[in-house]
Amino acid sequence: MSARLARGLRASLFWGAVALILVYMTIPAFVVLMTSVSPSELLEFPPSGFSFRWYERAFSYPDFQNAFVNGLIVTAFASSLSLLIGSAFAYLVDRYVFAGRAALEAVLASPLIIPHFTTGFGFLLLGADLGLGQSYAVVIATHVVLTLPFVSRTVYVSLRNLDPALERAATNLGASPFEVLKRVTLPLLRPGMVGGWLLAAILSLTEFTASLYVTAQRTQTLPVAMYTYVREYTDPTIAAISALLIIFTTALMLLANRCLGLRRILAIDVH
Amino acid sequence: MRPRPFFLWFFLPSLAAAVLLVAALGEIAQYAFRVFTPGSLEVGGFTLDNFARLARPIYLSVLGDTLLISLATSLFTLLLSYPVAYAMVRAKSDFLRSLIMLLAVTPLFTGEIVRTYAWILVLGSNGFVNTVLKSAGLIGAPLGLLYTRFGVIVALVQFSMPVMIIILATALAHVDRNCERAAANLGAGPAQVFRHVTLPLTLPGVVSGTVVIFAWTMSAFSTPQLIGGGKVLMISNLVYLQGLSSFNFPFAAVLSLLALAVAMGSLGSMHPFVSRLELKAAIN
Amino acid sequence: MKAQALPAVELTRVSKNFDAVQAVRELSLTIQKGELLTLLGPSGCGKTTLLNMIAGFDVPSGGSIVIDGRDVTAVPPYRRETGMVFQSYALFPHMNVFENVAFGLRMRKMAKLGIERAVGRALEMVKLEGFASRRVGQLSGGQQQRVALARAIVIGPKVLLLDEPLSALDKNLRRAMQLELRELHERTGLTTVFVTHDQEEALGLSDRIVVMSRGEIQQVAAPLELYRSPANGFVASFIGEINRLPPARCRIEGDEAVFEIAGHVVLRARRREKLTIAEGQETHLFVRPEHLTIATSKSSAQNKVSCRVTTHLYQGAYTLTRVDAGPLGNLQLRALGGEAIAAAPIGSQIEIDIDLDEAVILAG
């Protein structure tokens, strides 16, 4: 009986601790949501009422409007380019043996290790010396390089999980290498490629540190505009945008979990 | 294997991306050796002075602070993440596993500005923590949480946890439950099973997670920038100050190289370490 | 086996090296039109590599491959007109049953109406009418197997290649599929090369069996011949169960061959025409368990050996009995039913009779 009691006590201690840690992880998001609908200019808890005024201000602030559009342009180009290059690279690494493969792999995986401010600073200098300044081309190139490792890894995992007999079967049935690629390999890689593209899009949309270096007023993305605003004003306009971003990503995560299984995307397969 | 066609289709885009990145890093390396002309974006001839400048006490103390904050962050992240990862992998109900996963992983994708701003709201002198404590009558004057190392670490740990949880959960999911059952069958209690079986088997995950978070925190920028508010300086903030405020590109380049070296060094040290640990876990 | 003018597949001195490993060594083999030929051997014997070379997935390091009179050694796999069924079936998961079977016809640019008719016929042949619009994931293992077969057959291949297609099925289903495969072969008359490591499957299905080991052919023969007169020790012990007796010296006494084992045990066999063993030569005797019987006091057999019973393994239809026969070593007997268990309890001394007339006798 006492053994069972000890076991119960241990379990409730463990789950209590887990719950507390999860509260610590999620409380900032709840505070943001709460602040975003507060009517007051000063931060206050609990909020004294309910209002959408900060949302109105966020939507009508021209810097945010421009930054939002800039961000969409950059993300659209960067994530699509990243998908193309990353998929090609994953296929290259999986299928071809060539001189310098290890070096190419190391270089393209390195943005995972290199601090974003280093990458951003490097592209700032490169853009300046090439006469491109802080143009869209430079911003997009930076985002492509930063998101590439995530896309290529996702596609690479899908490629590894592909039964090689499927491509052989298609070949045996008379499909030329191009037909095999078009009718068997690519369709079967689609889930991995969609996952990789989504990942690239989210990372590009929310990337801040490197973007701070490579964007100018004309090309700045939403996180950079938010950073500038936070440094100048203290009202909860940013809370409104943040709340929208939190709701958006949570919805996306729920969707990804429902459709693809988050555990599978993150490669945590629970036995 | 037959020679495969389309090689260039797949090779050239990857090569182009790699060339761009190498060129960007090459630019930093090149600038690091150039003479800085105050008031001008143009740089002069070649010099080693920028590296010598690193030895000044102020920069050494920033480097020390950066290492200290990174170390503390990675250790606290590990301590808080392990129970969550364990609960996520081992919870019996599917719903609970998904819920923990969602709560633990979503913060990773909201972006660093949103996350940092949220912590300003939580830690500020009129923020959530102080307001709650004050209305509970526990404190008279607000606690100074913002603009301190403590505040920076509290925020950094929360940012780092999703990545750590994913790494630990992967390691935990690959532990063969029958090894634990075998230990229990041989008379080990829950604590002993954890100490002698579960923990050693997940040690490679623990080590790689800690090193990854260490390197990651080394390059954190917005958190020390906004929550540190100039009172807590890390290398990243120094690069920003030198590069985008003083326009001293050469010295900013030196600092960038330093950060790159530390990040690569800590991750580079991991591979032999992990395999050695795995070996040790296998032998014991 | 019908001898015809043009063989379906002709392999001439074919080799395949993977780095330092020789998977197949200068192997020559002719596959007749319409026969079902099995490549049998332990894993790593080169049988799958040989199949992959016929299909074109592996390029030979030396030698030539001719299919239907055309040298295809340098022809890529997608122009070889072979139909392959893979061990994992390799059904395309993003297509339904109809699309899977139609794939090869589409690649051949067949008209839509023709495709529908051909796929319908192929599905009928494998008894899957009405499954055309099913998704592959909804099918059982046996059904997937049939789709894979239909997909390979529908293109009218010059040769059908089966790479251990039954190994993923459970025992009962495997037996049923063996019968169906054989029937299908009778109906279509397709030249078929079947790879397996399961000797029972090979014996049951094949017109001819090629036994392989270490990249070389050990023997090519019809199942019956293979079982009764294996060409060498490897084939003898790989096909079915067999007792290998210690080396013997042979001498001829009139109508009989007399074998002396370990100095004093003497066994006798009728002289056979085929037996070409010289006086005093060292020989190896292989005896199948069913040719060892427990001797009754009445029996007048000539090769009686006394031994001690060590174990019985009851198998339902028969019982395997293991005995310690002293200088002859451990031997296995197979007897119908389960009477042996009571008749010869474990530990008891019994006499067994060795029927050497059915034994395999090989010169050392």
# chains A, B, ... in the order shown; residues from 1 in each chain; ligands from 1
$ closest_atom_pairs --of "chain A" --to "chain B" --cutoff "6 Å" --atoms "only C-alpha atoms" --output "CSV"
residue,atom,partner,partner_atom,distance
A:Val18,CA,B:Val84,CA,5.6
A:Met25,CA,B:Gln158,CA,5.8
A:Pro28,CA,B:Ala118,CA,5.0
A:Val32,CA,B:Ala118,CA,5.7
A:Ile85,CA,B:Pro13,CA,5.6
A:Ala88,CA,B:Phe10,CA,4.7
A:Phe89,CA,B:Ser14,CA,5.6
A:Leu92,CA,B:Phe10,CA,5.8
A:Leu108,CA,B:Ala18,CA,5.9
A:Ile114,CA,B:Leu260,CA,5.7
A:Pro115,CA,B:Ser219,CA,4.8
A:Thr118,CA,B:Ser256,CA,5.3
A:Gly122,CA,B:Ala24,CA,4.4
A:Phe123,CA,B:Ala24,CA,5.1
A:Leu126,CA,B:Ala24,CA,5.5
A:Thr206,CA,B:Gly111,CA,4.6
A:Ser242,CA,B:Val114,CA,5.3
A:Ile246,CA,B:Thr110,CA,5.8
A:Ile268,CA,B:Thr170,CA,4.8
A:Val270,CA,B:Ala173,CA,5.2
$ write_last_selection --atoms "N, CA, C and O atoms" --output "compact mmCIF listing (two decimals), in the first residue's frame"
# COMPACT_ATOMS: atom_id res chain seq x y z
N VAL A 18 6.17 19.15 -14.71
CA VAL A 18 6.00 19.32 -16.16
C VAL A 18 4.99 20.43 -16.45
O VAL A 18 5.22 21.29 -17.31
N MET A 25 6.73 28.12 -20.31
CA MET A 25 6.96 28.21 -21.75
C MET A 25 5.86 28.98 -22.48
O MET A 25 6.10 29.57 -23.52
N PRO A 28 4.41 33.78 -21.83
CA PRO A 28 4.61 34.99 -22.64
C PRO A 28 3.55 35.14 -23.73
O PRO A 28 3.04 36.25 -23.95
N VAL A 32 0.91 38.28 -24.15
CA VAL A 32 0.80 39.04 -25.40
C VAL A 32 -0.66 39.12 -25.84
O VAL A 32 -1.17 40.19 -26.18
N ILE A 85 16.22 24.77 -54.82
CA ILE A 85 17.64 24.47 -54.62
C ILE A 85 17.82 23.35 -53.60
O ILE A 85 18.60 22.42 -53.79
N ALA A 88 16.89 19.95 -55.03
CA ALA A 88 17.93 19.52 -55.96
C ALA A 88 19.15 19.04 -55.19
O ALA A 88 19.76 18.01 -55.50
N PHE A 89 19.49 19.78 -54.14
CA PHE A 89 20.67 19.44 -53.36
C PHE A 89 20.48 18.11 -52.62
O PHE A 89 21.38 17.26 -52.60
N LEU A 92 20.84 15.41 -55.06
CA LEU A 92 22.25 15.32 -55.42
C LEU A 92 23.02 14.51 -54.38
O LEU A 92 23.79 13.60 -54.71
N LEU A 108 26.76 24.11 -47.30
CA LEU A 108 25.33 24.40 -47.33
C LEU A 108 24.63 24.09 -45.99
O LEU A 108 23.55 24.58 -45.74
N ILE A 114 26.52 28.92 -38.21
CA ILE A 114 26.98 30.30 -38.28
C ILE A 114 25.94 31.22 -37.65
O ILE A 114 24.76 31.13 -37.97
N PRO A 115 26.36 32.10 -36.73
CA PRO A 115 25.41 33.05 -36.15
C PRO A 115 24.73 33.87 -37.26
O PRO A 115 25.37 34.24 -38.25
N THR A 118 26.37 37.02 -38.27
CA THR A 118 27.55 36.86 -39.13
C THR A 118 27.12 36.73 -40.59
O THR A 118 27.64 37.41 -41.47
N GLY A 122 27.87 39.41 -43.46
CA GLY A 122 28.58 39.00 -44.66
C GLY A 122 27.84 39.39 -45.93
O GLY A 122 28.41 39.94 -46.87
N PHE A 123 26.53 39.16 -45.94
CA PHE A 123 25.75 39.50 -47.13
C PHE A 123 25.62 41.02 -47.29
O PHE A 123 25.51 41.52 -48.41
N LEU A 126 28.86 41.89 -48.91
CA LEU A 126 28.86 41.38 -50.28
C LEU A 126 27.97 42.25 -51.17
O LEU A 126 28.36 42.65 -52.27
N THR A 206 9.70 35.09 -40.28
CA THR A 206 9.99 35.54 -38.91
C THR A 206 11.47 35.85 -38.70
O THR A 206 11.85 36.23 -37.61
N SER A 242 1.98 40.71 -32.74
CA SER A 242 2.51 39.48 -32.15
C SER A 242 1.39 38.47 -31.93
O SER A 242 1.55 37.28 -32.22
N ILE A 246 1.19 34.76 -33.35
CA ILE A 246 1.08 33.59 -32.47
C ILE A 246 -0.12 32.74 -32.89
O ILE A 246 -0.02 31.51 -33.01
N ILE A 268 10.31 12.54 -34.49
CA ILE A 268 10.21 11.88 -33.18
C ILE A 268 9.14 10.81 -33.34
O ILE A 268 7.95 11.10 -33.28
N VAL A 270 7.30 7.97 -31.74
CA VAL A 270 7.12 7.37 -30.43
C VAL A 270 6.69 5.92 -30.60
O VAL A 270 5.74 5.63 -31.33
$ select_by_dssp --residues "range 148-265 of chain B" --states "alpha helix (DSSP H)" --output "JSON, numbers by chain"
{"B": [149, 150, 151, 152, 153, 154, 155, 156, 157, 158, 159, 160, 161, 162, 163, 164, 165, 166, 167, 168, 169, 170, 171, 172, 173, 177, 178, 179, 180, 181, 182, 183, 184, 185, 190, 191, 192, 193, 199, 200, 201, 202, 203, 204, 205, 206, 207, 208, 209, 210, 211, 212, 213, 214, 215, 216, 217, 218, 222, 223, 224, 225, 226, 235, 236, 237, 238, 239, 240, 249, 250, 251, 252, 253, 254, 255, 256, 257, 258, 259, 260, 261, 262, 263, 264, 265]}
$ interface_residues --of "chain C" --to "chain B" --cutoff "10 Å" --atoms "only C-alpha atoms" --output "list in words"
Gly56, Phe57, Asp58, Val59 and Pro76 of chain C
$ write_last_selection --atoms "N, CA and C atoms" --output "CSV table (one decimal), in the first residue's frame"
chain,number,residue,atom,x,y,z
C,56,GLY,N,18.8,-5.6,-66.0
C,56,GLY,CA,19.6,-4.4,-66.4
C,56,GLY,C,19.9,-3.4,-65.3
C,57,PHE,N,19.6,-3.8,-64.0
C,57,PHE,CA,19.9,-2.9,-62.9
C,57,PHE,C,21.3,-2.9,-62.5
C,58,ASP,N,21.9,-4.1,-62.7
C,58,ASP,CA,23.4,-4.2,-62.5
C,58,ASP,C,24.0,-4.5,-63.9
C,59,VAL,N,25.1,-3.8,-64.1
C,59,VAL,CA,25.8,-3.9,-65.4
C,59,VAL,C,26.9,-5.0,-65.2
C,76,PRO,N,19.8,-0.2,-71.6
C,76,PRO,CA,19.3,0.2,-70.2
C,76,PRO,C,18.1,-0.5,-69.8
$ residues_around --residues "Ala216 in chain A" --least-positions-apart "2" --cutoff "12 Å" --atoms "only C-alpha atoms" --output "list in words"
Ala67, Asn70, Leu124, Gly127, Leu132, Gly133, Gln134, Ser135, Tyr136, Val138, Val139, Ser211, Leu212, Tyr213, Val214, Arg218, Thr219, Gln220, Thr221, Val224, Ala225 and Thr228 of chain A; Leu244 of chain B
$ interface_residues --of "chain C" --to "chain A" --cutoff "6 Å" --atoms "only C-alpha atoms" --output "PDB file with C-alpha atoms, in the first residue's frame"
ATOM      1  CA  PRO C  77      16.728  -1.489 -68.034  1.00  0.00           C
ATOM      2  CA  TYR C  78      13.798   0.522 -69.406  1.00  0.00           C
ATOM      3  CA  ALA C  90       7.166  -1.927 -55.042  1.00  0.00           C
ATOM      4  CA  GLY C 104       3.980   0.028 -68.221  1.00  0.00           C
ATOM      5  CA  MET C 107       5.141   4.183 -70.952  1.00  0.00           C
TER       6      MET C 107
END
$ atom_distance --atom1 "CA of Val207 in chain B" --atom2 "CA of Pro224 in chain B"
25.0 Å
$ atom_distance --atom1 "CA of Arg249 in chain C" --atom2 "CA of Arg334 in chain C"
26.6 Å
$ residues_around --residues "Val193 in chain C" --least-positions-apart "4" --cutoff "8 Å" --atoms "only C-alpha atoms" --output "list in words"
Leu36, Leu37, Thr38, Leu39, Leu51, Val159, Leu160, Leu161 and Leu162 of chain C
$ decode --residues "range 43-68 of chain C" --atoms "N, CA, C and O atoms" --output "JSON list (two decimals), in the first residue's frame"
[["chain", "number", "residue", "atom", "x", "y", "z"],
["C", 43, "SER", "N", 21.79, -16.84, -49.02],
["C", 43, "SER", "CA", 21.94, -15.40, -49.27],
["C", 43, "SER", "C", 23.41, -15.09, -49.55],
["C", 43, "SER", "O", 24.29, -15.68, -48.95],
["C", 44, "GLY", "N", 23.64, -14.20, -50.51],
["C", 44, "GLY", "CA", 25.01, -13.86, -50.89],
["C", 44, "GLY", "C", 25.59, -14.77, -51.95],
["C", 44, "GLY", "O", 26.76, -14.68, -52.27],
["C", 45, "CYS", "N", 24.76, -15.65, -52.52],
["C", 45, "CYS", "CA", 25.30, -16.59, -53.51],
["C", 45, "CYS", "C", 25.34, -15.97, -54.90],
["C", 45, "CYS", "O", 25.90, -16.53, -55.82],
["C", 46, "GLY", "N", 24.72, -14.78, -55.07],
["C", 46, "GLY", "CA", 24.77, -14.10, -56.35],
["C", 46, "GLY", "C", 23.50, -14.24, -57.17],
["C", 46, "GLY", "O", 23.41, -13.72, -58.28],
["C", 47, "LYS", "N", 22.48, -14.89, -56.61],
["C", 47, "LYS", "CA", 21.27, -15.13, -57.40],
["C", 47, "LYS", "C", 20.51, -13.84, -57.69],
["C", 47, "LYS", "O", 20.05, -13.63, -58.82],
["C", 48, "THR", "N", 20.43, -12.94, -56.71],
["C", 48, "THR", "CA", 19.73, -11.67, -56.94],
["C", 48, "THR", "C", 20.53, -10.78, -57.89],
["C", 48, "THR", "O", 19.96, -10.10, -58.75],
["C", 49, "THR", "N", 21.86, -10.81, -57.75],
["C", 49, "THR", "CA", 22.70, -10.03, -58.67],
["C", 49, "THR", "C", 22.48, -10.51, -60.11],
["C", 49, "THR", "O", 22.37, -9.71, -61.03],
["C", 50, "LEU", "N", 22.39, -11.83, -60.27],
["C", 50, "LEU", "CA", 22.16, -12.39, -61.60],
["C", 50, "LEU", "C", 20.82, -11.89, -62.16],
["C", 50, "LEU", "O", 20.74, -11.46, -63.32],
["C", 51, "LEU", "N", 19.79, -11.90, -61.32],
["C", 51, "LEU", "CA", 18.47, -11.43, -61.74],
["C", 51, "LEU", "C", 18.54, -9.95, -62.13],
["C", 51, "LEU", "O", 17.99, -9.53, -63.15],
["C", 52, "ASN", "N", 19.24, -9.16, -61.29],
["C", 52, "ASN", "CA", 19.37, -7.74, -61.57],
["C", 52, "ASN", "C", 20.14, -7.47, -62.86],
["C", 52, "ASN", "O", 19.91, -6.48, -63.54],
["C", 53, "MET", "N", 21.05, -8.37, -63.19],
["C", 53, "MET", "CA", 21.78, -8.20, -64.45],
["C", 53, "MET", "C", 20.88, -8.51, -65.65],
["C", 53, "MET", "O", 20.96, -7.86, -66.68],
["C", 54, "ILE", "N", 20.01, -9.51, -65.50],
["C", 54, "ILE", "CA", 19.06, -9.80, -66.58],
["C", 54, "ILE", "C", 18.11, -8.61, -66.77],
["C", 54, "ILE", "O", 17.81, -8.19, -67.88],
["C", 55, "ALA", "N", 17.67, -8.02, -65.64],
["C", 55, "ALA", "CA", 16.76, -6.88, -65.71],
["C", 55, "ALA", "C", 17.48, -5.62, -66.16],
["C", 55, "ALA", "O", 16.85, -4.67, -66.63],
["C", 56, "GLY", "N", 18.80, -5.57, -65.98],
["C", 56, "GLY", "CA", 19.57, -4.40, -66.39],
["C", 56, "GLY", "C", 19.90, -3.44, -65.27],
["C", 56, "GLY", "O", 20.47, -2.38, -65.51],
["C", 57, "PHE", "N", 19.56, -3.78, -64.02],
["C", 57, "PHE", "CA", 19.86, -2.87, -62.90],
["C", 57, "PHE", "C", 21.32, -2.95, -62.50],
["C", 57, "PHE", "O", 21.88, -2.00, -61.96],
["C", 58, "ASP", "N", 21.94, -4.11, -62.74],
["C", 58, "ASP", "CA", 23.37, -4.22, -62.52],
["C", 58, "ASP", "C", 24.03, -4.47, -63.88],
["C", 58, "ASP", "O", 23.52, -5.26, -64.67],
["C", 59, "VAL", "N", 25.11, -3.77, -64.14],
["C", 59, "VAL", "CA", 25.82, -3.94, -65.41],
["C", 59, "VAL", "C", 26.92, -4.98, -65.20],
["C", 59, "VAL", "O", 27.72, -4.85, -64.27],
["C", 60, "PRO", "N", 26.98, -6.03, -66.03],
["C", 60, "PRO", "CA", 28.00, -7.06, -65.83],
["C", 60, "PRO", "C", 29.40, -6.48, -65.95],
["C", 60, "PRO", "O", 29.64, -5.58, -66.75],
["C", 61, "SER", "N", 30.32, -7.00, -65.15],
["C", 61, "SER", "CA", 31.72, -6.59, -65.29],
["C", 61, "SER", "C", 32.35, -7.30, -66.48],
["C", 61, "SER", "O", 33.36, -6.85, -67.01],
["C", 62, "GLY", "N", 31.76, -8.43, -66.89],
["C", 62, "GLY", "CA", 32.26, -9.14, -68.05],
["C", 62, "GLY", "C", 31.19, -10.09, -68.57],
["C", 62, "GLY", "O", 30.24, -10.40, -67.86],
["C", 63, "GLY", "N", 31.31, -10.52, -69.83],
["C", 63, "GLY", "CA", 30.37, -11.46, -70.39],
["C", 63, "GLY", "C", 29.22, -10.78, -71.10],
["C", 63, "GLY", "O", 29.19, -9.55, -71.20],
["C", 64, "SER", "N", 28.29, -11.59, -71.66],
["C", 64, "SER", "CA", 27.20, -10.97, -72.40],
["C", 64, "SER", "C", 25.87, -11.60, -72.04],
["C", 64, "SER", "O", 25.79, -12.74, -71.58],
["C", 65, "ILE", "N", 24.80, -10.80, -72.21],
["C", 65, "ILE", "CA", 23.45, -11.24, -71.93],
["C", 65, "ILE", "C", 22.63, -11.06, -73.20],
["C", 65, "ILE", "O", 22.59, -9.96, -73.77],
["C", 66, "VAL", "N", 22.00, -12.14, -73.66],
["C", 66, "VAL", "CA", 21.17, -12.07, -74.86],
["C", 66, "VAL", "C", 19.74, -12.44, -74.46],
["C", 66, "VAL", "O", 19.52, -13.47, -73.85],
["C", 67, "ILE", "N", 18.80, -11.53, -74.75],
["C", 67, "ILE", "CA", 17.39, -11.84, -74.50],
["C", 67, "ILE", "C", 16.69, -11.94, -75.84],
["C", 67, "ILE", "O", 16.72, -11.00, -76.64],
["C", 68, "ASP", "N", 16.06, -13.07, -76.10],
["C", 68, "ASP", "CA", 15.28, -13.26, -77.31],
["C", 68, "ASP", "C", 16.09, -12.93, -78.56],
["C", 68, "ASP", "O", 15.60, -12.27, -79.48]]
